[in-house]
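Asker: First, the structure itself, so that you have it in front of you.
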Amino acid sequence: MADRPRLEGDRLVLEPLRVEHAQEMAVVLDDMALHTFTSGEPAKFREKAMAAGAVAYPYGTVFAVEFAHGLRDGEAQLMRDGSGTPLKADVARIDVMRRERGYGEVYGDSRAGEWEFASYRPDGTPLIAPGNAGACAACHRKAGAERDFVYGLRVPSK
Ligand code: HEC
């Protein structure tokens with residue numbers, strides 16, 4: 001895109017629209033309140049922009065995954081519920097990733113965007129501190145920038 005000038009007055013700044021603005025525009029354009037009168041549906045702008053790699057999860061986003069041992073019977077066989085899902089025993093650890101401005105630099109070439117990773121025991125003590133979580137970053141890097149290095153890609157609806 002050709003570089004257009006930024007116009008600045010006492011009360012107003014006019015900035016040429018860039019792809020980086022999609023992050024904040026997604027919030028504005030997909031606001032449900034906008035659709036109260038048009039009776040339309042939100043355009044899933046964030047979802048589309050994310051698929052195009054223009055939008056990341058907001059700073060402050062935290063994802064957590066709980067790992068649990070399976071419940072076993074006397075013969076050490078996994079016990080399952082009626083639909084075949086293994087029954088849960090003790091939680092083994094909780095893996096966490098968090099996105100903040102500038103996070104992830106410590107992982108160097110393995111960096112997965114602005115995420116830092118850590119793993120905790122159920123009592124809250126660290127199993128893998130963020131500074132040692134390069135292996136987590138290296139694998140999440142493979143999820144790709146277009147999904148902001150998140151595998152599950154459960155896109156927030158707004
Ligand atoms: C070998 C690759 C690999 C490594 C290493 C790895 N992950 Fe993941 N991680 C995945 C995959 C694949 C998923 C999606 C799994 C699913 O949804 O069932 C995932 C899911 C997650 C999620 C949920 C968000 C998402 O991306 O879906 C978190 C949080 C997470 N991992 C944290 C960690 C942490 C912390 C570490 C290091 C202690 C780690 N991961 C190491 C592959 C990896």
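Ligands are numbered from 1 in the order shown, chains are lettered A, B, ... in the order of the structure tokens, and residues start at 1 in each chain.
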So which residues are near ligand 1, meaning at most 8 Å away with only C-alpha atoms and all ligand atoms counted, given back as a ChimeraX atom specification?
Answerer: /A:62-65,94-98,116-119,128,133-140,143,149-154
Asker: Let's have the selection written as a PDB file, in the first residue's frame, with N, CA and C atoms.
Answerer:
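Final output, result_1.pdb:
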```
ATOM      1  N   VAL A  62      -4.925 -15.836  28.400  1.00  0.00           N
ATOM      2  CA  VAL A  62      -4.284 -16.977  29.057  1.00  0.00           C
ATOM      3  C   VAL A  62      -5.030 -18.233  28.643  1.00  0.00           C
ATOM      4  N   PHE A  63      -4.302 -19.233  28.180  1.00  0.00           N
ATOM      5  CA  PHE A  63      -4.883 -20.546  27.928  1.00  0.00           C
ATOM      6  C   PHE A  63      -4.271 -21.517  28.925  1.00  0.00           C
ATOM      7  N   ALA A  64      -5.078 -22.418  29.428  1.00  0.00           N
ATOM      8  CA  ALA A  64      -4.582 -23.422  30.374  1.00  0.00           C
ATOM      9  C   ALA A  64      -5.112 -24.785  29.968  1.00  0.00           C
ATOM     10  N   VAL A  65      -4.261 -25.771  30.053  1.00  0.00           N
ATOM     11  CA  VAL A  65      -4.652 -27.149  29.770  1.00  0.00           C
ATOM     12  C   VAL A  65      -4.293 -28.004  30.981  1.00  0.00           C
ATOM     13  N   ILE A  94      -0.581 -28.567  35.077  1.00  0.00           N
ATOM     14  CA  ILE A  94      -1.370 -27.622  34.290  1.00  0.00           C
ATOM     15  C   ILE A  94      -0.418 -26.809  33.417  1.00  0.00           C
ATOM     16  N   ASP A  95      -0.608 -26.903  32.112  1.00  0.00           N
ATOM     17  CA  ASP A  95       0.199 -26.140  31.150  1.00  0.00           C
ATOM     18  C   ASP A  95      -0.508 -24.835  30.837  1.00  0.00           C
ATOM     19  N   VAL A  96       0.275 -23.769  30.816  1.00  0.00           N
ATOM     20  CA  VAL A  96      -0.308 -22.447  30.648  1.00  0.00           C
ATOM     21  C   VAL A  96       0.468 -21.674  29.585  1.00  0.00           C
ATOM     22  N   MET A  97      -0.245 -20.923  28.767  1.00  0.00           N
ATOM     23  CA  MET A  97       0.420 -19.954  27.891  1.00  0.00           C
ATOM     24  C   MET A  97      -0.275 -18.614  28.024  1.00  0.00           C
ATOM     25  N   ARG A  98       0.539 -17.567  28.005  1.00  0.00           N
ATOM     26  CA  ARG A  98       0.002 -16.230  28.230  1.00  0.00           C
ATOM     27  C   ARG A  98       0.624 -15.257  27.234  1.00  0.00           C
ATOM     28  N   GLU A 116       4.343 -16.585  26.349  1.00  0.00           N
ATOM     29  CA  GLU A 116       5.248 -17.298  27.237  1.00  0.00           C
ATOM     30  C   GLU A 116       4.518 -18.500  27.794  1.00  0.00           C
ATOM     31  N   PHE A 117       5.281 -19.539  28.040  1.00  0.00           N
ATOM     32  CA  PHE A 117       4.746 -20.838  28.422  1.00  0.00           C
ATOM     33  C   PHE A 117       5.271 -21.225  29.797  1.00  0.00           C
ATOM     34  N   ALA A 118       4.483 -21.992  30.521  1.00  0.00           N
ATOM     35  CA  ALA A 118       4.926 -22.502  31.820  1.00  0.00           C
ATOM     36  C   ALA A 118       4.065 -23.700  32.175  1.00  0.00           C
ATOM     37  N   SER A 119       4.572 -24.514  33.089  1.00  0.00           N
ATOM     38  CA  SER A 119       3.791 -25.646  33.557  1.00  0.00           C
ATOM     39  C   SER A 119       3.838 -25.667  35.081  1.00  0.00           C
ATOM     40  N   ILE A 128       7.790 -26.222  35.155  1.00  0.00           N
ATOM     41  CA  ILE A 128       8.647 -25.640  34.119  1.00  0.00           C
ATOM     42  C   ILE A 128       8.422 -24.132  34.168  1.00  0.00           C
ATOM     43  N   ALA A 133      10.949 -22.783  29.135  1.00  0.00           N
ATOM     44  CA  ALA A 133       9.875 -23.401  28.357  1.00  0.00           C
ATOM     45  C   ALA A 133      10.104 -23.295  26.848  1.00  0.00           C
ATOM     46  N   GLY A 134      11.365 -23.246  26.433  1.00  0.00           N
ATOM     47  CA  GLY A 134      11.696 -23.129  25.006  1.00  0.00           C
ATOM     48  C   GLY A 134      11.113 -24.259  24.171  1.00  0.00           C
ATOM     49  N   ALA A 135      11.037 -25.475  24.755  1.00  0.00           N
ATOM     50  CA  ALA A 135      10.505 -26.620  23.999  1.00  0.00           C
ATOM     51  C   ALA A 135       9.013 -26.428  23.719  1.00  0.00           C
ATOM     52  N   CYS A 136       8.306 -25.830  24.651  1.00  0.00           N
ATOM     53  CA  CYS A 136       6.879 -25.541  24.432  1.00  0.00           C
ATOM     54  C   CYS A 136       6.749 -24.572  23.260  1.00  0.00           C
ATOM     55  N   ALA A 137       7.543 -23.499  23.317  1.00  0.00           N
ATOM     56  CA  ALA A 137       7.472 -22.474  22.275  1.00  0.00           C
ATOM     57  C   ALA A 137       7.810 -23.076  20.913  1.00  0.00           C
ATOM     58  N   ALA A 138       8.839 -23.921  20.876  1.00  0.00           N
ATOM     59  CA  ALA A 138       9.294 -24.495  19.606  1.00  0.00           C
ATOM     60  C   ALA A 138       8.175 -25.278  18.938  1.00  0.00           C
ATOM     61  N   CYS A 139       7.397 -26.010  19.714  1.00  0.00           N
ATOM     62  CA  CYS A 139       6.331 -26.810  19.124  1.00  0.00           C
ATOM     63  C   CYS A 139       5.133 -25.923  18.763  1.00  0.00           C
ATOM     64  N   HIS A 140       4.804 -24.966  19.619  1.00  0.00           N
ATOM     65  CA  HIS A 140       3.665 -24.086  19.295  1.00  0.00           C
ATOM     66  C   HIS A 140       3.972 -23.186  18.108  1.00  0.00           C
ATOM     67  N   ALA A 143       2.364 -24.288  15.039  1.00  0.00           N
ATOM     68  CA  ALA A 143       0.929 -24.025  14.813  1.00  0.00           C
ATOM     69  C   ALA A 143       0.775 -22.869  13.821  1.00  0.00           C
ATOM     70  N   PHE A 149      -0.199 -19.061  16.853  1.00  0.00           N
ATOM     71  CA  PHE A 149       0.538 -20.111  17.563  1.00  0.00           C
ATOM     72  C   PHE A 149      -0.307 -20.883  18.572  1.00  0.00           C
ATOM     73  N   VAL A 150      -1.628 -20.776  18.401  1.00  0.00           N
ATOM     74  CA  VAL A 150      -2.555 -21.511  19.257  1.00  0.00           C
ATOM     75  C   VAL A 150      -3.107 -22.680  18.446  1.00  0.00           C
ATOM     76  N   TYR A 151      -2.989 -23.891  18.974  1.00  0.00           N
ATOM     77  CA  TYR A 151      -3.429 -25.057  18.219  1.00  0.00           C
ATOM     78  C   TYR A 151      -4.943 -25.190  18.165  1.00  0.00           C
ATOM     79  N   GLY A 152      -5.579 -24.991  19.328  1.00  0.00           N
ATOM     80  CA  GLY A 152      -7.011 -25.243  19.406  1.00  0.00           C
ATOM     81  C   GLY A 152      -7.825 -24.285  18.561  1.00  0.00           C
ATOM     82  N   LEU A 153      -7.363 -23.047  18.454  1.00  0.00           N
ATOM     83  CA  LEU A 153      -8.040 -21.978  17.734  1.00  0.00           C
ATOM     84  C   LEU A 153      -9.530 -21.902  18.072  1.00  0.00           C
ATOM     85  N   ARG A 154      -9.798 -21.777  19.375  1.00  0.00           N
ATOM     86  CA  ARG A 154     -11.173 -21.496  19.765  1.00  0.00           C
ATOM     87  C   ARG A 154     -11.303 -19.979  19.771  1.00  0.00           C
TER      88      ARG A 154
END
```
Asker: When distances are computed from only C-alpha atoms, which of A:Met79, A:Ala92, A:Leu127, A:Ala145 shows the smallest separation from Arg111 of chain A?
Answerer: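 Ranked by minimum distance to Arg111 of chain A, first place goes to A:Ala145.
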Asker: Using the chain letters and numbers from this document, which residues of segment 75-112 of chain A does DSSP assign to strand (DSSP E), as a PyMOL selection string?
Answerer: chain A and resi 88-99
Asker: For Ala68 of chain A, which residue among A:Pro122, A:Ser83, A:Arg18, A:Gly108 is the nearest when counting only C-alpha atoms?
Answerer: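 Of A:Pro122, A:Ser83, A:Arg18, A:Gly108, the one nearest Ala68 of chain A is A:Pro122, counting only C-alpha atoms.
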Asker: Enter the distance from atom CA of Ala56 of chain A to atom CA of Tyr120 of chain A, in Å, rounded to one decimal.
Answerer: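 Computing it gives 25.1 Å between the two atoms.
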Asker: One number please: atom CA of Arg147 of chain A to atom CA of Leu17 of chain A, in Å, one decimal.
Answerer: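 Atom-to-atom, atom CA of Arg147 of chain A to atom CA of Leu17 of chain A, that is 22.3 Å.
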Asker: May I ask which of the residues A:Glu105, A:Glu114, A:Asp73, A:Glu146 is the closest one to Pro86 of chain A, counting only C-alpha atoms?
Answerer: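 Counting only C-alpha atoms, the residue closest to Pro86 of chain A is A:Asp73.
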Asker: My list of candidates is A:Val13, A:Val106, A:Pro126, A:Arg99. Which is closest to Tyr57 of chain A when distances are computed with only C-alpha atoms?
Answerer: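 So, comparing all the options, the nearest one is A:Arg99.
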Asker: Just to confirm, what's the straight-line distance from atom CA of Tyr107 of chain A to atom CA of Pro58 of chain A in Å (one decimal)?
Answerer: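 Between atom CA of Tyr107 of chain A and atom CA of Pro58 of chain A the gap is 20.3 Å.
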